[in-house]
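Enquirer: My structure is in my_file_21.csv, and what it holds is CSV, C-alpha atoms:
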```
chain,number,residue,atom,x,y,z
A,28,MET,CA,13.4,-15.2,4.6
A,29,TYR,CA,14.9,-14.6,1.1
A,30,PHE,CA,16.6,-11.4,2.2
A,31,ILE,CA,18.1,-12.9,5.3
A,32,ASN,CA,19.7,-15.8,3.4
A,33,ASN,CA,21.1,-13.6,0.6
A,34,SER,CA,23.8,-11.1,1.5
A,35,ASN,CA,23.5,-9.1,-1.7
A,36,LYS,CA,19.8,-8.6,-1.2
A,37,MET,CA,20.5,-7.5,2.5
A,38,PHE,CA,23.0,-5.0,1.2
A,39,PHE,CA,20.6,-3.4,-1.2
A,40,LEU,CA,17.8,-3.5,1.4
A,41,PHE,CA,20.0,-1.4,3.8
A,42,ILE,CA,20.8,1.1,1.0
A,43,LEU,CA,17.0,1.3,0.3
A,44,ILE,CA,16.4,2.2,3.9
A,45,PHE,CA,19.2,4.7,4.1
A,46,SER,CA,18.3,6.3,0.8
A,47,THR,CA,14.8,7.1,2.1
A,48,LEU,CA,16.3,8.7,5.2
A,49,ILE,CA,18.7,10.8,3.0
A,50,SER,CA,15.7,12.0,0.9
A,51,ILE,CA,13.4,13.0,3.8
A,52,SER,CA,16.2,14.6,5.9
A,53,SER,CA,17.8,16.6,3.1
A,54,ASN,CA,17.7,20.4,3.3
A,55,SER,CA,17.7,21.0,-0.5
A,56,TRP,CA,15.5,19.7,-3.4
A,57,PHE,CA,18.6,18.4,-5.1
A,58,GLY,CA,19.5,16.3,-2.1
A,59,CYS,CA,16.0,14.9,-2.1
A,60,TRP,CA,16.4,14.0,-5.8
A,61,ILE,CA,19.7,12.2,-5.1
A,62,GLY,CA,18.0,10.2,-2.3
A,63,LEU,CA,15.2,9.2,-4.6
A,64,GLU,CA,17.7,8.1,-7.3
A,65,ILE,CA,19.6,5.9,-4.8
A,66,ASN,CA,16.3,4.5,-3.7
A,67,LEU,CA,15.4,3.5,-7.3
A,68,LEU,CA,18.8,1.9,-8.0
A,69,SER,CA,18.7,-0.1,-4.8
A,70,PHE,CA,15.1,-1.4,-5.3
A,71,ILE,CA,15.7,-2.7,-8.8
A,72,PRO,CA,18.2,-5.5,-7.7
A,73,LEU,CA,15.7,-6.5,-5.0
A,74,ILE,CA,12.9,-7.2,-7.5
A,75,SER,CA,15.0,-8.6,-10.4
A,76,ASN,CA,15.8,-12.3,-10.6
A,77,SER,CA,17.8,-13.6,-13.5
A,78,ASN,CA,15.9,-17.0,-13.4
A,79,ASP,CA,12.5,-15.3,-13.7
A,80,LEU,CA,11.8,-13.4,-17.0
A,81,MET,CA,8.7,-11.9,-15.4
A,82,SER,CA,10.7,-10.1,-12.7
A,83,VAL,CA,13.3,-8.9,-15.3
A,84,GLU,CA,10.4,-7.3,-17.3
A,85,THR,CA,8.9,-5.9,-14.1
A,86,SER,CA,12.2,-4.3,-13.0
A,87,LEU,CA,12.6,-2.7,-16.4
A,88,LYS,CA,9.1,-1.3,-16.3
A,89,TYR,CA,9.7,0.0,-12.8
A,90,PHE,CA,13.0,1.7,-13.9
A,91,LEU,CA,11.4,3.4,-16.8
A,92,ILE,CA,8.4,4.8,-14.8
A,93,GLN,CA,10.6,6.0,-11.9
A,94,SER,CA,13.1,7.5,-14.3
A,95,LEU,CA,10.3,9.5,-16.0
A,96,ALA,CA,9.1,10.7,-12.6
A,97,SER,CA,12.7,11.6,-11.6
A,98,ILE,CA,13.2,13.7,-14.8
A,99,ASN,CA,10.0,15.5,-14.1
A,100,PHE,CA,11.1,16.2,-10.5
A,101,LEU,CA,14.6,17.4,-11.7
A,102,PHE,CA,12.9,19.7,-14.2
A,103,PHE,CA,10.8,21.1,-11.4
A,104,ILE,CA,14.0,21.8,-9.3
A,105,LEU,CA,15.6,23.6,-12.3
A,106,MET,CA,12.4,25.7,-13.0
A,107,LYS,CA,12.2,26.6,-9.3
A,108,ILE,CA,15.8,27.7,-9.2
A,109,SER,CA,16.0,29.6,-12.5
A,110,LEU,CA,12.5,30.8,-13.4
A,111,MET,CA,10.8,31.3,-10.0
A,112,LYS,CA,10.0,34.9,-10.5
A,113,ASN,CA,8.7,34.5,-14.1
A,114,PHE,CA,6.8,31.3,-13.7
A,115,GLU,CA,3.5,30.8,-11.9
A,116,MET,CA,3.9,29.0,-8.5
A,117,ASN,CA,0.7,26.9,-9.1
A,118,ASN,CA,2.2,25.3,-12.3
A,119,ILE,CA,5.5,24.5,-10.5
A,120,SER,CA,3.6,22.9,-7.6
A,121,ILE,CA,1.5,20.8,-9.9
A,122,MET,CA,4.6,19.6,-11.8
A,123,MET,CA,6.3,18.6,-8.5
A,124,ASN,CA,3.1,16.9,-7.2
A,125,SER,CA,2.7,15.0,-10.4
A,126,SER,CA,6.2,13.6,-10.2
A,127,MET,CA,5.7,12.4,-6.6
A,128,LEU,CA,2.3,10.9,-7.4
A,129,MET,CA,3.9,9.0,-10.3
A,130,LYS,CA,6.6,7.6,-8.0
A,131,MET,CA,3.9,6.4,-5.5
A,132,GLY,CA,1.7,4.9,-8.1
A,133,SER,CA,-1.2,7.2,-7.4
A,134,ALA,CA,-4.1,8.0,-9.8
A,135,PRO,CA,-4.0,9.3,-12.5
A,136,PHE,CA,-0.5,7.8,-12.9
A,137,HIS,CA,-1.5,4.4,-11.4
A,138,PHE,CA,-1.5,2.3,-14.6
A,139,TRP,CA,2.0,0.8,-13.9
A,140,PHE,CA,1.3,0.0,-10.2
A,141,PRO,CA,-0.9,-3.2,-10.5
A,142,ASN,CA,1.3,-4.6,-13.3
A,143,ILE,CA,4.5,-4.2,-11.2
A,144,ILE,CA,2.8,-5.6,-8.1
A,145,GLU,CA,1.7,-8.7,-10.2
A,146,GLY,CA,5.2,-9.4,-11.3
A,147,ILE,CA,7.1,-9.3,-8.0
A,148,SER,CA,7.2,-11.5,-4.9
A,149,TRP,CA,5.1,-11.0,-1.7
A,150,MET,CA,8.0,-9.5,0.3
A,151,ASN,CA,8.8,-7.0,-2.4
A,152,ASN,CA,5.1,-6.2,-2.6
A,153,PHE,CA,5.2,-5.2,1.0
A,154,ILE,CA,8.2,-2.9,0.4
A,155,LEU,CA,6.6,-1.3,-2.7
A,156,MET,CA,3.2,-0.8,-0.9
A,157,THR,CA,4.6,0.7,2.3
A,158,TRP,CA,8.3,1.8,2.5
A,159,GLN,CA,8.5,3.1,-1.1
A,160,LYS,CA,5.6,5.6,-0.4
A,161,ILE,CA,7.4,7.3,2.5
A,162,SER,CA,9.9,9.6,0.8
A,163,PRO,CA,7.5,10.8,-2.1
A,164,MET,CA,4.8,11.4,0.5
A,165,ILE,CA,7.0,13.5,2.8
A,166,LEU,CA,8.3,15.5,-0.2
A,167,LEU,CA,4.7,16.0,-1.4
A,168,SER,CA,3.8,17.5,2.0
A,169,TYR,CA,6.6,20.2,1.6
A,170,TYR,CA,5.0,21.8,-1.5
A,171,PHE,CA,1.5,20.9,-2.6
A,172,ASN,CA,-1.3,22.4,-4.6
A,173,LYS,CA,-4.5,21.8,-2.5
A,174,ASN,CA,-7.1,21.9,-5.3
A,175,PHE,CA,-5.0,19.6,-7.5
A,176,LEU,CA,-4.6,17.1,-4.6
A,177,ILE,CA,-8.3,17.0,-3.8
A,178,ILE,CA,-9.0,15.9,-7.4
A,179,VAL,CA,-6.2,13.3,-7.1
A,180,ILE,CA,-7.7,12.0,-3.8
A,181,ILE,CA,-11.1,11.5,-5.3
A,182,MET,CA,-9.6,9.7,-8.3
A,183,ASN,CA,-7.6,7.5,-6.0
A,184,LEU,CA,-10.7,6.6,-4.0
A,185,LEU,CA,-12.8,5.8,-7.0
A,186,ILE,CA,-10.1,3.9,-9.0
A,187,GLY,CA,-9.0,1.9,-5.9
A,188,ALA,CA,-12.6,0.9,-5.1
A,189,LEU,CA,-13.9,0.1,-8.6
A,190,GLY,CA,-10.6,-1.4,-10.0
A,191,GLY,CA,-10.6,-4.2,-7.5
A,192,LEU,CA,-14.2,-5.4,-8.3
A,193,ASN,CA,-13.4,-8.0,-11.0
A,194,GLN,CA,-9.9,-9.0,-9.9
A,195,THR,CA,-9.0,-12.7,-9.6
A,196,SER,CA,-5.3,-12.0,-8.5
A,197,LEU,CA,-4.7,-11.4,-4.8
A,198,ARG,CA,-1.7,-9.2,-5.6
A,199,LYS,CA,-3.7,-7.0,-7.9
A,200,LEU,CA,-6.5,-6.8,-5.3
A,201,LEU,CA,-4.0,-5.5,-2.7
A,202,ALA,CA,-2.6,-3.1,-5.4
A,203,PHE,CA,-6.0,-1.5,-5.9
A,204,SER,CA,-6.6,-1.5,-2.1
A,205,SER,CA,-3.2,0.3,-1.8
A,206,ILE,CA,-4.4,2.9,-4.4
A,207,ASN,CA,-7.5,3.5,-2.4
A,208,ASN,CA,-5.6,3.8,0.9
A,209,LEU,CA,-3.2,6.2,-0.9
A,210,GLY,CA,-6.2,8.6,-1.2
A,211,TRP,CA,-6.7,8.5,2.6
A,212,MET,CA,-2.9,8.9,3.2
A,213,ILE,CA,-2.6,12.0,1.0
A,214,PHE,CA,-5.6,13.6,2.8
A,215,SER,CA,-4.1,12.7,6.2
A,216,ILE,CA,-0.7,14.3,5.3
A,217,MET,CA,-2.6,17.4,4.2
A,218,ILE,CA,-4.2,17.6,7.7
A,219,SER,CA,-1.1,16.6,9.8
A,220,GLU,CA,2.1,14.7,9.4
A,221,ASN,CA,1.5,12.9,12.8
A,222,LEU,CA,-1.9,11.7,11.5
A,223,TRP,CA,-0.2,10.4,8.3
A,224,LEU,CA,2.5,8.7,10.4
A,225,PHE,CA,-0.2,7.0,12.5
A,226,TYR,CA,-2.1,5.9,9.3
A,227,ILE,CA,0.9,4.5,7.5
A,228,ILE,CA,2.1,2.5,10.6
A,229,ILE,CA,-1.4,0.9,11.0
A,230,TYR,CA,-1.7,0.3,7.2
A,231,SER,CA,1.8,-1.3,7.1
A,232,PHE,CA,0.9,-3.6,10.0
A,233,MET,CA,-2.3,-4.7,8.3
A,234,ILE,CA,-0.6,-5.3,4.9
A,235,LEU,CA,2.3,-7.2,6.7
A,236,MET,CA,-0.2,-9.6,8.3
A,237,MET,CA,-2.0,-10.2,4.9
A,238,ILE,CA,1.2,-10.6,2.9
A,239,PHE,CA,2.7,-12.9,5.6
A,240,LEU,CA,-0.3,-15.2,5.4
A,241,PHE,CA,-0.4,-15.3,1.6
A,242,PHE,CA,3.4,-15.9,1.6
A,243,MET,CA,3.2,-18.8,4.1
A,244,LEU,CA,0.2,-20.4,2.3
A,245,ASN,CA,1.8,-19.7,-1.2
A,246,MET,CA,-1.4,-18.1,-2.5
A,247,PHE,CA,-1.6,-15.7,-5.5
A,248,PHE,CA,-5.2,-16.0,-6.7
A,249,ILE,CA,-8.6,-15.8,-5.1
A,250,ASN,CA,-9.7,-19.3,-6.2
A,251,GLN,CA,-6.9,-20.8,-4.1
A,252,LEU,CA,-8.9,-19.5,-1.0
A,253,PHE,CA,-11.8,-21.7,-2.1
A,254,ILE,CA,-10.0,-24.8,-3.3
A,255,ASN,CA,-7.3,-25.1,-0.6
A,256,ASN,CA,-8.3,-27.0,2.5
A,257,MET,CA,-7.3,-24.4,5.0
A,258,ASN,CA,-7.5,-24.4,8.8
A,259,PHE,CA,-10.6,-22.7,10.2
A,260,TYR,CA,-8.4,-20.4,12.3
A,261,ILE,CA,-6.4,-19.3,9.3
A,262,LYS,CA,-9.7,-18.4,7.5
A,263,LEU,CA,-10.8,-16.5,10.6
A,264,ASN,CA,-7.6,-14.6,10.6
A,265,LEU,CA,-8.0,-13.7,6.9
A,266,LEU,CA,-11.6,-12.5,7.7
A,267,ILE,CA,-10.4,-10.2,10.5
A,268,ASN,CA,-7.4,-8.8,8.4
A,269,PHE,CA,-9.5,-8.3,5.3
A,270,LEU,CA,-12.2,-6.4,7.2
A,271,SER,CA,-9.6,-4.4,9.1
A,272,LEU,CA,-7.9,-3.5,5.8
A,273,GLY,CA,-11.3,-2.4,4.4
A,274,GLY,CA,-11.8,-0.1,7.4
A,275,LEU,CA,-14.9,-1.8,9.0
A,276,PRO,CA,-15.6,-0.7,12.6
A,277,PRO,CA,-14.6,-1.7,15.2
A,278,PHE,CA,-11.4,-3.2,13.7
A,279,LEU,CA,-7.9,-1.6,13.8
A,280,GLY,CA,-8.1,-0.2,10.3
A,281,PHE,CA,-11.1,1.9,11.1
A,282,MET,CA,-9.2,4.0,13.7
A,283,PRO,CA,-7.2,6.4,11.4
A,284,LYS,CA,-10.2,6.5,8.9
A,285,TRP,CA,-12.4,7.6,11.8
A,286,ILE,CA,-10.1,10.5,12.6
A,287,ILE,CA,-10.1,11.6,9.0
A,288,ILE,CA,-13.9,11.4,8.6
A,289,ASN,CA,-14.3,13.3,11.9
A,290,PHE,CA,-12.0,16.1,10.5
A,291,LEU,CA,-14.0,16.2,7.3
A,292,MET,CA,-17.4,16.5,9.1
A,293,ILE,CA,-16.1,19.2,11.4
A,294,ASN,CA,-14.8,21.2,8.4
A,295,LYS,CA,-18.1,20.5,6.5
A,296,PHE,CA,-16.5,18.6,3.6
A,297,TYR,CA,-19.7,16.6,3.2
A,298,PHE,CA,-19.3,15.6,-0.5
A,299,LEU,CA,-15.7,14.4,0.1
A,300,THR,CA,-16.9,12.5,3.2
A,301,PHE,CA,-19.6,10.8,1.1
A,302,ILE,CA,-17.0,9.6,-1.5
A,303,PHE,CA,-14.6,8.4,1.3
A,304,VAL,CA,-17.4,6.3,3.0
A,305,MET,CA,-19.0,4.9,-0.2
A,306,THR,CA,-15.6,3.8,-1.7
A,307,SER,CA,-14.8,2.1,1.6
A,308,LEU,CA,-18.2,0.3,1.5
A,309,ILE,CA,-17.4,-1.0,-2.1
A,310,ILE,CA,-14.1,-2.4,-0.9
A,311,ILE,CA,-15.6,-4.0,2.2
A,312,TYR,CA,-18.3,-5.5,-0.1
A,313,TYR,CA,-15.9,-7.5,-2.3
A,314,TYR,CA,-13.7,-8.4,0.7
A,315,ILE,CA,-16.8,-9.9,2.4
A,316,GLN,CA,-17.7,-11.7,-0.8
A,317,ILE,CA,-14.3,-13.3,-1.0
A,318,ILE,CA,-14.2,-14.4,2.6
A,319,TYR,CA,-17.8,-15.6,2.7
A,320,SER,CA,-17.1,-17.8,-0.3
A,321,SER,CA,-13.9,-19.2,1.2
A,322,PHE,CA,-15.9,-20.0,4.4
A,323,MET,CA,-18.7,-21.7,2.5
A,324,PHE,CA,-16.6,-23.8,0.1
A,325,ASN,CA,-14.9,-26.7,1.9
A,326,TYR,CA,-13.2,-29.4,-0.2
A,327,PHE,CA,-12.8,-32.1,2.4
A,328,LYS,CA,-12.1,-34.8,-0.3
A,329,MET,CA,-8.9,-33.1,-1.5
A,330,LYS,CA,-6.6,-34.5,1.1
A,331,TRP,CA,-3.6,-34.0,-1.1
A,332,MET,CA,-4.1,-30.2,-0.7
A,333,ASN,CA,-3.6,-30.1,3.1
A,334,PHE,CA,-1.1,-27.6,4.3
A,335,PHE,CA,1.9,-28.5,6.4
A,336,ILE,CA,3.1,-25.3,8.0
A,337,LYS,CA,5.9,-25.3,10.5
A,338,ASN,CA,5.0,-24.8,14.2
A,339,LYS,CA,6.8,-21.5,14.5
A,340,PHE,CA,4.8,-20.1,11.6
A,341,ILE,CA,1.5,-21.3,13.2
A,342,LEU,CA,2.5,-19.4,16.4
A,343,LEU,CA,3.2,-16.3,14.3
A,344,ILE,CA,-0.2,-16.5,12.6
A,345,ASN,CA,-1.9,-17.0,15.9
A,346,LEU,CA,0.0,-14.0,17.3
A,347,PHE,CA,-1.2,-11.9,14.4
A,348,SER,CA,-4.8,-13.0,15.1
A,349,PHE,CA,-4.4,-12.0,18.7
A,350,PHE,CA,-3.1,-8.5,17.7
A,351,SER,CA,-6.1,-8.1,15.3
A,352,ILE,CA,-8.7,-9.1,17.9
A,353,THR,CA,-7.2,-7.1,20.8
A,354,SER,CA,-6.7,-4.0,18.6
A,355,MET,CA,-10.4,-4.4,17.6
A,356,ILE,CA,-11.4,-4.2,21.2
A,357,LEU,CA,-8.9,-1.4,22.2
A,358,SER,CA,-9.8,0.8,19.2
A,359,THR,CA,-13.5,0.6,20.4
A,360,PHE,CA,-12.6,1.7,23.9
A,361,ILE,CA,-10.2,4.5,22.8
A,362,PHE,CA,-13.0,6.4,20.9
A,363,LEU,CA,-15.8,5.8,23.3
```
Reformat the file's structure so that it appears as C-alpha cells.

Expert:
Amino acid sequence: MYFINNSNKMFFLFILIFSTLISISSNSWFGCWIGLEINLLSFIPLISNSNDLMSVETSLKYFLIQSLASINFLFFILMKISLMKNFEMNNISIMMNSSMLMKMGSAPFHFWFPNIIEGISWMNNFILMTWQKISPMILLSYYFNKNFLIIVIIMNLLIGALGGLNQTSLRKLLAFSSINNLGWMIFSIMISENLWLFYIIIYSFMILMMIFLFFMLNMFFINQLFINNMNFYIKLNLLINFLSLGGLPPFLGFMPKWIIINFLMINKFYFLTFIFVMTSLIIIYYYIQIIYSSFMFNYFKMKWMNFFIKNKFILLINLFSFFSITSMILSTFIFL
C-alpha cells in the first residue's frame, strides 16, 4: 500500500527489480557487480524513513554490510582476471561464495540479517527475504565450491532452527526461518536451477501470506497472537501458513522439501538428510507451540481489542486460506 501511494518509492522499486535482471543476465562478472551495486543503492531509499530513527540506523547497517560484500566480490573479479594462473581456483571460489553468502544473510555471515529484519517494515521484509536473494543465489550457482557450500548449508539449517527457539519477535522468527530455508535453497540450486526456482516461488508465496496477515493485523510480537481477540478463521489461516512454512506434510511447503529429501536419499547423503529433517522438526515444534497457545488463549473480556478489518482484506485473507488448503490437497495427490 505504501509503495503504491508514494511515487518515489515506486521509482526505486522498479530500479530494484531491473537491477536484479541486469545482474542475472550479464555476461561478465563486472556487469554482475554493477547490477548488485544498483540493487543496493535502490533498496536503501525503500527501507529508510527520515521520521523513524530505527530505519535510518537499519539502512546504514545494511549499506555497510552490503558494501563489504561488494568489495569482497570486486576483489574476487580482479583476482580472477589478473592472477588466475598463479592462484588456486578453490581459494577464488570460496572468496566469491563468501561475498554472495554475506549479501544473502547466510550463515556464518548471518549476524546482520535478524537485526535488519527487526528494523524495517513488513513489506520491506518481504523484499529482503525473497527478491534480494535472487541475484546472489544465481551468481552463486555460476561458480561454487561444493565442499564449502555443504558446510554452509549445515550451518544455515542449525542456526535457522536453533536461533528461532527463544524469539519473541515475529520478524526475528521469520528471519531465522529464512536462514533455515536458505540452506534448502542453496542445496536446491546445487541440484538444479529449475528446482531452486520452484522452491523460491513456493517460499515467496508462503512468506507473502504470512507477512500480509501480520501487516493487516499490525502484529510484531508473539504475545500479540495471545492477547488480541482474533477471528477463529484468521487463527486457522495462521495455523495452516505456519505449518506450511515449517514444511509439514501434506501442506504446500512440504513439496519442494520432499523433492530435495528424495534426491538426498537416492544419492545416499544420509547424514545430511538427518540434519535437514531434524532441523525442520525443531522449526515445526516452535511453530505449533505458538499456534497452540494462540488457540488456547482467548481474551473475550477485552472488547476494545477487537479488530476492524475492511471487507476487501477479509476476502483476500479467505482467498489465501483457500489457496493453502487446496494446495495441501493437490500436493498430496501429485506425489501419490

Enquirer: Pull the closest atom pair for each residue of range 173-260 of chain A that gets at most 12 Å from range 294-318 of chain A, along with the distance in Å to one decimal, counting all atoms listed in the file, ordering rows by chain and then ascending residue number, as JSON lines.

Expert:
```
{"residue": "A:Ile177", "atom": "CA", "partner": "A:Leu299", "partner_atom": "CA", "distance": 8.8}
{"residue": "A:Ile178", "atom": "CA", "partner": "A:Leu299", "partner_atom": "CA", "distance": 10.2}
{"residue": "A:Val179", "atom": "CA", "partner": "A:Leu299", "partner_atom": "CA", "distance": 12.0}
{"residue": "A:Ile180", "atom": "CA", "partner": "A:Leu299", "partner_atom": "CA", "distance": 9.2}
{"residue": "A:Ile181", "atom": "CA", "partner": "A:Ile302", "partner_atom": "CA", "distance": 7.3}
{"residue": "A:Met182", "atom": "CA", "partner": "A:Ile302", "partner_atom": "CA", "distance": 10.1}
{"residue": "A:Asn183", "atom": "CA", "partner": "A:Thr306", "partner_atom": "CA", "distance": 9.8}
{"residue": "A:Leu184", "atom": "CA", "partner": "A:Thr306", "partner_atom": "CA", "distance": 6.1}
{"residue": "A:Leu185", "atom": "CA", "partner": "A:Thr306", "partner_atom": "CA", "distance": 6.3}
{"residue": "A:Ile186", "atom": "CA", "partner": "A:Thr306", "partner_atom": "CA", "distance": 9.1}
{"residue": "A:Gly187", "atom": "CA", "partner": "A:Thr306", "partner_atom": "CA", "distance": 8.1}
{"residue": "A:Ala188", "atom": "CA", "partner": "A:Thr306", "partner_atom": "CA", "distance": 5.4}
{"residue": "A:Leu189", "atom": "CA", "partner": "A:Ile309", "partner_atom": "CA", "distance": 7.5}
{"residue": "A:Gly190", "atom": "CA", "partner": "A:Ile310", "partner_atom": "CA", "distance": 9.8}
{"residue": "A:Gly191", "atom": "CA", "partner": "A:Ile310", "partner_atom": "CA", "distance": 7.7}
{"residue": "A:Leu192", "atom": "CA", "partner": "A:Tyr313", "partner_atom": "CA", "distance": 6.6}
{"residue": "A:Asn193", "atom": "CA", "partner": "A:Tyr313", "partner_atom": "CA", "distance": 9.1}
{"residue": "A:Gln194", "atom": "CA", "partner": "A:Tyr313", "partner_atom": "CA", "distance": 9.8}
{"residue": "A:Thr195", "atom": "CA", "partner": "A:Ile317", "partner_atom": "CA", "distance": 10.1}
{"residue": "A:Ser196", "atom": "CA", "partner": "A:Ile317", "partner_atom": "CA", "distance": 11.8}
{"residue": "A:Leu197", "atom": "CA", "partner": "A:Ile317", "partner_atom": "CA", "distance": 10.5}
{"residue": "A:Leu200", "atom": "CA", "partner": "A:Tyr314", "partner_atom": "CA", "distance": 9.5}
{"residue": "A:Leu201", "atom": "CA", "partner": "A:Tyr314", "partner_atom": "CA", "distance": 10.7}
{"residue": "A:Phe203", "atom": "CA", "partner": "A:Ile310", "partner_atom": "CA", "distance": 9.6}
{"residue": "A:Ser204", "atom": "CA", "partner": "A:Ile310", "partner_atom": "CA", "distance": 7.6}
{"residue": "A:Ser205", "atom": "CA", "partner": "A:Ile310", "partner_atom": "CA", "distance": 11.3}
{"residue": "A:Ile206", "atom": "CA", "partner": "A:Thr306", "partner_atom": "CA", "distance": 11.6}
{"residue": "A:Asn207", "atom": "CA", "partner": "A:Thr306", "partner_atom": "CA", "distance": 8.1}
{"residue": "A:Asn208", "atom": "CA", "partner": "A:Ser307", "partner_atom": "CA", "distance": 9.4}
{"residue": "A:Leu209", "atom": "CA", "partner": "A:Phe303", "partner_atom": "CA", "distance": 11.8}
{"residue": "A:Gly210", "atom": "CA", "partner": "A:Phe303", "partner_atom": "CA", "distance": 8.8}
{"residue": "A:Trp211", "atom": "CA", "partner": "A:Phe303", "partner_atom": "CA", "distance": 8.0}
{"residue": "A:Met212", "atom": "CA", "partner": "A:Phe303", "partner_atom": "CA", "distance": 11.9}
{"residue": "A:Phe214", "atom": "CA", "partner": "A:Leu299", "partner_atom": "CA", "distance": 10.5}
{"residue": "A:Ile218", "atom": "CA", "partner": "A:Asn294", "partner_atom": "CA", "distance": 11.2}
{"residue": "A:Phe248", "atom": "CA", "partner": "A:Ile317", "partner_atom": "CA", "distance": 11.1}
{"residue": "A:Ile249", "atom": "CA", "partner": "A:Ile317", "partner_atom": "CA", "distance": 7.5}
{"residue": "A:Asn250", "atom": "CA", "partner": "A:Ile317", "partner_atom": "CA", "distance": 9.2}
{"residue": "A:Gln251", "atom": "CA", "partner": "A:Ile317", "partner_atom": "CA", "distance": 11.0}
{"residue": "A:Leu252", "atom": "CA", "partner": "A:Ile318", "partner_atom": "CA", "distance": 8.2}
{"residue": "A:Phe253", "atom": "CA", "partner": "A:Ile317", "partner_atom": "CA", "distance": 8.8}
{"residue": "A:Phe259", "atom": "CA", "partner": "A:Ile318", "partner_atom": "CA", "distance": 11.8}
```

Enquirer: List every protein, DNA or RNA residue with an atom no more than 9 Å from (-2.2, -17.5, 5.3) in the file's coordinates, counting only C-alpha atoms, and format the result as a compact mmCIF listing (two decimals) with C-alpha atoms, in the coordinates of the input.

Expert:
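Wrote it out as point-v1.txt, contents follow:
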```txt
# COMPACT_ATOMS: atom_id res chain seq x y z
CA MET A 236 -0.20 -9.60 8.30
CA MET A 237 -2.00 -10.20 4.90
CA ILE A 238 1.20 -10.60 2.90
CA PHE A 239 2.70 -12.90 5.60
CA LEU A 240 -0.30 -15.20 5.40
CA PHE A 241 -0.40 -15.30 1.60
CA PHE A 242 3.40 -15.90 1.60
CA MET A 243 3.20 -18.80 4.10
CA LEU A 244 0.20 -20.40 2.30
CA ASN A 245 1.80 -19.70 -1.20
CA MET A 246 -1.40 -18.10 -2.50
CA MET A 257 -7.30 -24.40 5.00
CA ILE A 261 -6.40 -19.30 9.30
CA LYS A 262 -9.70 -18.40 7.50
CA ASN A 264 -7.60 -14.60 10.60
CA LEU A 265 -8.00 -13.70 6.90
CA ILE A 344 -0.20 -16.50 12.60
```

Enquirer: State, in Å with one decimal place, the distance from CA of Asn142 in chain A to CA of Ser97 in chain A.

Expert: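 So the two atoms, CA of Asn142 in chain A and CA of Ser97 in chain A, lie 19.9 Å apart.
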
Enquirer: Between CA of Ser321 in chain A and CA of Asn258 in chain A, what is the spacing in Å?

Expert: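 Pair CA of Asn258 in chain A / CA of Ser321 in chain A returns 11.2 Å.
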
Enquirer: Go through A:Met37, A:Ile108, A:Ile228, A:Met217 one by one, measure the shortest atom-to-atom distance of each to Ser168 in chain A using only C-alpha atoms, and give the residue with the smallest value.

Expert: A:Met217

Enquirer: Can you work out which one of A:His137, A:Lys173, A:Lys107, A:Lys36 has the shortest atom-to-atom distance to Met150 in chain A, counting only C-alpha atoms?

Expert: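 Of A:His137, A:Lys173, A:Lys107, A:Lys36, the one nearest Met150 in chain A is A:Lys36, counting only C-alpha atoms.
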
Enquirer: Give the answer as one residue: which of A:Asn54, A:Ile213, A:Leu87, A:Phe247 has the shortest atom-to-atom distance to Met127 in chain A, using only C-alpha atoms?

Expert: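 Of A:Asn54, A:Ile213, A:Leu87, A:Phe247, the one nearest Met127 in chain A, counting only C-alpha atoms, is A:Ile213.
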
Enquirer: With only C-alpha atoms as the counted atoms, please give the residues lying no more than 9 Å from Phe153 in chain A, apart from itself and same-chain residues fewer than 5 positions off, as a VMD selection string.

Expert: chain A and resid 148 158 231 234 to 235 238

Enquirer: Quote the spacing between CA of Phe225 in chain A and CA of Ile165 in chain A in Å to one decimal place.

Expert: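 Going from CA of Phe225 in chain A over to CA of Ile165 in chain A, I get 13.7 Å.
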
Enquirer: For Met122 in chain A, which residue among A:Ser86, A:Met81, A:Leu176, A:Ser109 is the nearest when counting all atoms listed in the file?

Expert: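 Under the stated criterion, the closest residue is A:Leu176.
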
Enquirer: Kindly indicate which residue among A:Leu48, A:Ile287, A:Leu342, A:Ile147 lies nearest to Asn66 in chain A, using all atoms listed in the file for the distances.

Expert: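 Residue with the minimum atom-to-atom distance to Asn66 in chain A: A:Leu48.
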
Enquirer: Let me make sure I understand: among A:Met131, A:Ile254, A:Leu73, A:Ile288, which one has the smallest atom-to-atom distance to Phe41 in chain A if we use only C-alpha atoms?

Expert: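 Going through A:Met131, A:Ile254, A:Leu73, A:Ile288 one by one, the smallest distance to Phe41 in chain A is for A:Leu73.
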
Enquirer: For range 203-239 of chain A versus range 270-284 of chain A, which residues have an atom no more than 7 Å away, and what is each residue's nearest atom pair and distance in Å rounded to one decimal, using all atoms listed in the file, chain-then-number order, as CSV?

Expert:
```
residue,atom,partner,partner_atom,distance
A:Tyr226,CA,A:Pro283,CA,5.5
A:Ile229,CA,A:Gly280,CA,6.8
A:Met233,CA,A:Leu272,CA,6.2
```
